[in-house]
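Listing of entry_36.cif; format and content: mmCIF, C-alpha atoms and all ligand atoms.
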data_my_file
#
loop_
_atom_site.group_PDB
_atom_site.id
_atom_site.type_symbol
_atom_site.label_atom_id
_atom_site.label_comp_id
_atom_site.auth_asym_id
_atom_site.auth_seq_id
_atom_site.Cartn_x
_atom_site.Cartn_y
_atom_site.Cartn_z
ATOM 1 C CA MET E 1340 49.883 -37.384 7.739
ATOM 2 C CA GLN E 1341 47.824 -40.173 9.166
ATOM 3 C CA ASP E 1342 44.056 -39.765 9.228
ATOM 4 C CA PRO E 1343 43.121 -39.107 12.898
ATOM 5 C CA LEU E 1344 39.790 -40.887 12.365
ATOM 6 C CA ARG E 1345 41.741 -44.064 11.730
ATOM 7 C CA ALA E 1346 41.784 -44.657 15.450
ATOM 8 C CA ILE E 1347 38.023 -45.215 15.487
ATOM 9 C CA CYS E 1348 37.339 -46.507 11.969
ATOM 10 C CA ASP E 1349 39.154 -48.776 9.525
ATOM 11 C CA ASP E 1350 37.017 -48.392 6.410
ATOM 12 C CA PRO E 1351 38.347 -45.519 4.191
ATOM 13 C CA LEU E 1352 34.936 -44.878 2.587
ATOM 14 C CA GLU E 1353 33.298 -44.584 5.991
ATOM 15 C CA ARG E 1354 36.016 -42.159 7.089
ATOM 16 C CA LYS E 1355 35.303 -40.000 4.021
ATOM 17 C CA TRP E 1356 31.659 -39.711 5.075
ATOM 18 C CA MET E 1357 32.675 -38.935 8.633
ATOM 19 C CA TRP E 1358 34.933 -36.143 7.399
ATOM 20 C CA LEU E 1359 32.171 -34.800 5.161
ATOM 21 C CA SER E 1360 29.655 -34.625 8.000
ATOM 22 C CA LEU E 1361 32.210 -33.086 10.359
ATOM 23 C CA ILE E 1362 33.078 -30.405 7.805
ATOM 24 C CA MET E 1363 29.391 -29.643 7.214
ATOM 25 C CA ALA E 1364 28.755 -29.343 10.949
ATOM 26 C CA PHE E 1365 31.677 -26.931 11.377
ATOM 27 C CA MET E 1366 30.600 -24.910 8.333
ATOM 28 C CA MET E 1367 27.073 -24.514 9.714
ATOM 29 C CA GLY E 1368 28.413 -23.549 13.132
ATOM 30 C CA GLY E 1369 30.796 -21.092 11.501
ATOM 31 C CA LEU E 1370 28.027 -19.536 9.417
ATOM 32 C CA LEU E 1371 25.823 -19.093 12.502
ATOM 33 C CA GLY E 1372 28.684 -17.438 14.324
ATOM 34 C CA PHE E 1373 29.500 -15.250 11.328
ATOM 35 C CA TYR E 1374 25.921 -14.001 10.869
ATOM 36 C CA ALA E 1375 25.433 -13.436 14.591
ATOM 37 C CA PHE E 1376 28.600 -11.330 14.579
ATOM 38 C CA ALA E 1377 27.976 -9.560 11.248
ATOM 39 C CA ASN E 1378 24.366 -8.630 12.084
ATOM 40 C CA ASN E 1379 25.103 -7.858 15.729
ATOM 41 C CA ILE E 1380 22.598 -10.450 16.940
ATOM 42 C CA HIS E 1381 22.746 -11.386 20.584
ATOM 43 C CA PRO E 1382 20.275 -12.771 23.100
ATOM 44 C CA PRO E 1383 18.910 -10.445 25.785
ATOM 45 C CA SER E 1384 21.632 -10.561 28.401
ATOM 46 C CA ASN E 1385 20.191 -8.596 31.278
ATOM 47 C CA VAL E 1386 20.728 -10.610 34.445
ATOM 48 C CA GLU E 1387 18.768 -9.094 37.261
ATOM 49 C CA THR E 1388 17.000 -11.135 39.888
ATOM 50 C CA ILE E 1389 13.804 -10.409 41.758
ATOM 51 C CA ASP E 1390 11.609 -12.283 44.224
ATOM 52 C CA SER E 1391 8.607 -13.237 42.091
ATOM 53 C CA THR E 1392 6.379 -13.870 45.090
ATOM 54 C CA ARG E 1393 6.880 -10.305 46.332
ATOM 55 C CA LEU E 1394 6.454 -8.312 43.122
ATOM 56 C CA HIS E 1395 3.594 -6.334 44.653
ATOM 57 C CA LEU E 1396 5.919 -5.268 47.474
ATOM 58 C CA SER E 1397 8.768 -4.251 45.187
ATOM 59 C CA GLU E 1398 8.837 -0.634 44.149
ATOM 60 C CA GLU E 1399 9.241 -1.095 40.414
ATOM 61 C CA PHE E 1400 6.676 -3.854 39.912
ATOM 62 C CA ALA E 1401 4.035 -2.660 42.356
ATOM 63 C CA GLU E 1402 0.665 -2.291 40.645
ATOM 64 C CA ASP E 1403 0.667 1.521 40.719
ATOM 65 C CA ASN E 1404 4.060 1.755 39.040
ATOM 66 C CA LEU E 1405 3.402 -0.491 36.044
ATOM 67 C CA GLY E 1406 3.038 0.883 32.530
ATOM 68 C CA VAL E 1407 4.832 3.481 30.457
ATOM 69 C CA ARG E 1408 7.320 5.910 31.951
ATOM 70 C CA THR E 1409 9.219 8.614 30.062
ATOM 71 C CA ASN E 1410 12.911 8.850 30.881
ATOM 72 C CA ASP E 1411 14.958 12.042 30.987
ATOM 73 C CA ASP E 1412 16.491 11.329 27.573
ATOM 74 C CA GLY E 1413 13.079 10.969 25.908
ATOM 75 C CA SER E 1414 13.176 7.178 25.725
ATOM 76 C CA LEU E 1415 10.418 5.128 27.324
ATOM 77 C CA THR E 1416 10.443 2.355 29.884
ATOM 78 C CA VAL E 1417 7.505 -0.042 29.890
ATOM 79 C CA THR E 1418 7.178 -2.047 33.097
ATOM 80 C CA LEU E 1419 5.000 -5.141 32.853
ATOM 81 C CA VAL E 1420 4.047 -8.033 35.080
ATOM 82 C CA ALA E 1421 3.391 -11.330 33.352
ATOM 83 C CA ALA E 1422 1.023 -13.530 35.325
ATOM 84 C CA ARG E 1423 -1.413 -16.273 34.509
ATOM 85 C CA TYR E 1424 -3.072 -15.212 32.241
ATOM 86 C CA GLY E 1425 -2.112 -11.802 30.984
ATOM 87 C CA PHE E 1426 0.469 -9.059 30.785
ATOM 88 C CA TYR E 1427 -0.358 -6.154 33.056
ATOM 89 C CA PRO E 1428 -1.257 -3.409 32.298
ATOM 90 C CA GLN E 1429 -3.253 -5.052 29.527
ATOM 91 C CA ARG E 1430 -3.024 -2.109 27.184
ATOM 92 C CA VAL E 1431 0.175 -0.190 26.544
ATOM 93 C CA GLU E 1432 0.534 2.786 24.233
ATOM 94 C CA VAL E 1433 3.893 3.967 22.898
ATOM 95 C CA PRO E 1434 4.859 6.358 20.086
ATOM 96 C CA ALA E 1435 6.562 5.094 16.933
ATOM 97 C CA ASP E 1436 10.277 5.654 16.271
ATOM 98 C CA THR E 1437 11.029 5.993 19.964
ATOM 99 C CA GLN E 1438 13.364 3.811 21.964
ATOM 100 C CA VAL E 1439 11.314 1.586 24.256
ATOM 101 C CA THR E 1440 12.803 -0.571 26.990
ATOM 102 C CA PHE E 1441 10.537 -3.304 28.298
ATOM 103 C CA ARG E 1442 11.132 -4.543 31.815
ATOM 104 C CA ILE E 1443 9.051 -7.587 32.572
ATOM 105 C CA ALA E 1444 8.786 -9.839 35.605
ATOM 106 C CA SER E 1445 6.720 -12.967 36.090
ATOM 107 C CA ALA E 1446 4.520 -13.261 39.160
ATOM 108 C CA ASP E 1447 4.206 -17.026 38.872
ATOM 109 C CA VAL E 1448 5.563 -19.381 36.211
ATOM 110 C CA LEU E 1449 7.616 -19.228 33.034
ATOM 111 C CA HIS E 1450 6.041 -17.060 30.327
ATOM 112 C CA GLY E 1451 7.267 -15.659 27.030
ATOM 113 C CA VAL E 1452 6.444 -12.415 25.270
ATOM 114 C CA HIS E 1453 6.250 -12.090 21.546
ATOM 115 C CA ILE E 1454 4.878 -9.240 19.465
ATOM 116 C CA PRO E 1455 4.327 -10.685 15.972
ATOM 117 C CA THR E 1456 5.705 -8.661 13.022
ATOM 118 C CA THR E 1457 8.141 -6.861 15.358
ATOM 119 C CA ASN E 1458 11.501 -7.944 16.737
ATOM 120 C CA MET E 1459 10.278 -7.860 20.333
ATOM 121 C CA THR E 1460 10.427 -11.275 21.924
ATOM 122 C CA THR E 1461 11.838 -12.663 25.147
ATOM 123 C CA MET E 1462 11.307 -15.288 27.785
ATOM 124 C CA VAL E 1463 10.024 -14.195 31.175
ATOM 125 C CA VAL E 1464 11.645 -16.446 33.728
ATOM 126 C CA PRO E 1465 10.332 -16.270 37.286
ATOM 127 C CA GLY E 1466 12.952 -14.777 39.574
ATOM 128 C CA TYR E 1467 14.512 -12.642 36.842
ATOM 129 C CA ILE E 1468 13.727 -9.308 35.222
ATOM 130 C CA SER E 1469 13.611 -9.615 31.442
ATOM 131 C CA GLU E 1470 14.764 -6.509 29.636
ATOM 132 C CA VAL E 1471 14.441 -5.793 25.909
ATOM 133 C CA THR E 1472 15.120 -2.497 24.171
ATOM 134 C CA THR E 1473 13.603 -1.883 20.764
ATOM 135 C CA THR E 1474 11.960 0.707 18.533
ATOM 136 C CA PHE E 1475 8.665 0.273 16.711
ATOM 137 C CA PRO E 1476 8.841 1.835 13.244
ATOM 138 C CA ARG E 1477 5.203 1.188 12.286
ATOM 139 C CA THR E 1478 2.058 2.508 13.932
ATOM 140 C CA GLY E 1479 -0.915 0.268 14.622
ATOM 141 C CA LYS E 1480 -2.320 -2.222 17.082
ATOM 142 C CA PHE E 1481 -0.152 -5.168 18.028
ATOM 143 C CA SER E 1482 -0.674 -8.156 20.283
ATOM 144 C CA LEU E 1483 1.690 -9.149 23.052
ATOM 145 C CA LEU E 1484 1.351 -12.907 23.039
ATOM 146 C CA CYS E 1485 2.610 -15.443 25.521
ATOM 147 C CA ASN E 1486 4.716 -17.991 23.696
ATOM 148 C CA GLU E 1487 5.707 -20.333 26.508
ATOM 149 C CA TYR E 1488 3.095 -22.825 27.626
ATOM 150 C CA CYS E 1489 2.085 -21.703 31.099
ATOM 151 C CA GLY E 1490 -1.192 -23.468 31.863
ATOM 152 C CA LEU E 1491 -4.763 -23.934 30.700
ATOM 153 C CA GLY E 1492 -5.227 -20.236 29.918
ATOM 154 C CA HIS E 1493 -2.020 -19.935 27.902
ATOM 155 C CA ASP E 1494 -3.967 -19.523 24.634
ATOM 156 C CA ALA E 1495 -5.802 -16.540 26.050
ATOM 157 C CA MET E 1496 -2.739 -14.833 27.531
ATOM 158 C CA TRP E 1497 -2.206 -11.682 25.541
ATOM 159 C CA SER E 1498 -2.284 -7.916 25.860
ATOM 160 C CA ARG E 1499 -2.492 -4.997 23.496
ATOM 161 C CA LEU E 1500 0.308 -2.731 22.316
ATOM 162 C CA VAL E 1501 -0.747 0.405 20.464
ATOM 163 C CA VAL E 1502 1.937 2.247 18.529
ATOM 164 C CA THR E 1503 0.836 5.829 17.827
ATOM 165 C CA GLU E 1504 2.253 8.613 15.688
ATOM 166 C CA LYS E 1505 5.427 9.952 17.237
ATOM 167 C CA SER E 1506 4.017 13.320 18.362
ATOM 168 C CA ALA E 1507 1.166 11.739 20.339
ATOM 169 C CA GLY E 1508 3.289 10.765 23.369
ATOM 170 C CA GLY E 1509 3.003 7.629 25.456
ATOM 171 C CA GLU E 1510 0.609 6.560 28.157
ATOM 172 C CA SER E 1511 -0.983 3.422 29.490
ATOM 173 C CA SER E 1512 -4.330 2.508 30.910
HETATM 174 CU CU1 LIG Q 1601 1.897 -17.227 29.797
HETATM 175 CU CU2 LIG Q 1601 1.728 -18.966 28.189
#
Here is a file; write its structure as structure tokens.
Ligand code: CUA
Amino acid sequence: MQDPLRAICDDPLERKWMWLSLIMAFMMGGLLGFYAFANNIHPPSNVETIDSTRLHLSEEFAEDNLGVRTNDDGSLTVTLVAARYGFYPQRVEVPADTQVTFRIASADVLHGVHIPTTNMTTMVVPGYISEVTTTFPRTGKFSLLCNEYCGLGHDAMWSRLVVTEKSAGGESS
């Protein structure tokens, strides 16, 4: 069979290197795909739009409705607004080993949320509701940090997550 790379390159040594780099690229792509599939890794895929300029008029993201809510099945929903420069409410308390779904909307520009040492991280794109479901196995105080540059106060954009013992129940203030 004739080497298909012959059409673009005459030198056999150069073609060998081209094949080598092509094979490496496909192997790396294949490995990424394999691990994503094997470990069930997928990006947050919730696509839900919202008018960021009217968050205060929406029911879910109105100021009085933010914070922790207990669902009928015992799981929690944490509703947050990300705005320059903070996540509101600024302190959220949830019990450990309980399923927590974060629903976050930006009131202005692009933000990101990251809670170091946990697997909770997502972008908060204006116009969309970001949704992440996770469980916090360890108790303690954690920081919700903004990890997308959003302006001069970006460094200071953070809020507090407190994970309590499971029996304590959840609340926010
Ligand atoms: Cu919000 Cu950086």
As a check of understanding, name the residues that the PyMOL selection byres (((not hetatm)) within 6 of (chain Q and resi 1601)) selects in the supplied structure, as a list of chain:residue names. E:Arg1423, E:Tyr1424, E:His1450, E:Cys1485, E:Asn1486, E:Glu1487, E:Tyr1488, E:Cys1489, E:His1493, E:Met1496
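Nearest to E:Pro1428 of all the residues E:Thr1456, E:Thr1416, E:Thr1478, E:Ser1498 is E:Ser1498, based on all atoms listed in the file.
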Nearest-residue call for E:Ser1391, choices E:Ser1445, E:Asn1378, E:Thr1409, E:Ser1360, using only C-alpha atoms: E:Ser1445
Mind giving me the straight-line distance from atom CA of E:Leu1361 to atom CA of E:Asn1379 in Å, one decimal? 26.8 Å
Hey, which of E:Gly1413, E:Pro1465, E:Gly1369, E:Gly1490 ends up closest to E:Thr1437? Count only C-alpha atoms.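 Closest to E:Thr1437, using only C-alpha atoms: E:Gly1413.
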Of E:Ser1414, E:Val1502, E:Gly1451, E:Phe1400, the one sitting nearest E:Glu1432 when using all atoms listed in the file is E:Val1502
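Checking E:Pro1476, E:Pro1343, E:Gly1466, E:Pro1434 one by one against E:Leu1449, counting only C-alpha atoms, you find the shortest gap at E:Gly1466.
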Taking only C-alpha atoms into account, which of E:Asp1436, E:Asp1494, E:Glu1504, E:Glu1398 comes nearest E:Thr1418? E:Glu1398
For E:Thr1474, list every protein, DNA or RNA residue within 9 Å, evaluated using only C-alpha atoms, and leave out those in the same chain fewer than 5 positions away; present the list as a list in words. Ala1435, Asp1436, Thr1437, Gln1438, Val1439, Thr1440, Asn1458 and Met1459 of chain E
Spatial neighbours of E:Leu1500, max dist 8 Å, all atoms listed in the file, sep filter under 4 positions, as a PyMOL selection string: chain E and resi 1430-1433+1480-1483
Work out how far apart atom CA of E:Val1452 and atom CA of E:Tyr1374 are and give it in Å to one decimal.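 The value is 24.3 Å.
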Do you know which residues are at most 8 Å from E:Gly1425 counting all atoms listed in the file, after dropping those on the same chain fewer than 3 positions away, and could you put them as a VMD selection string? chain E and resid 1421 to 1422 1429 1495 to 1498
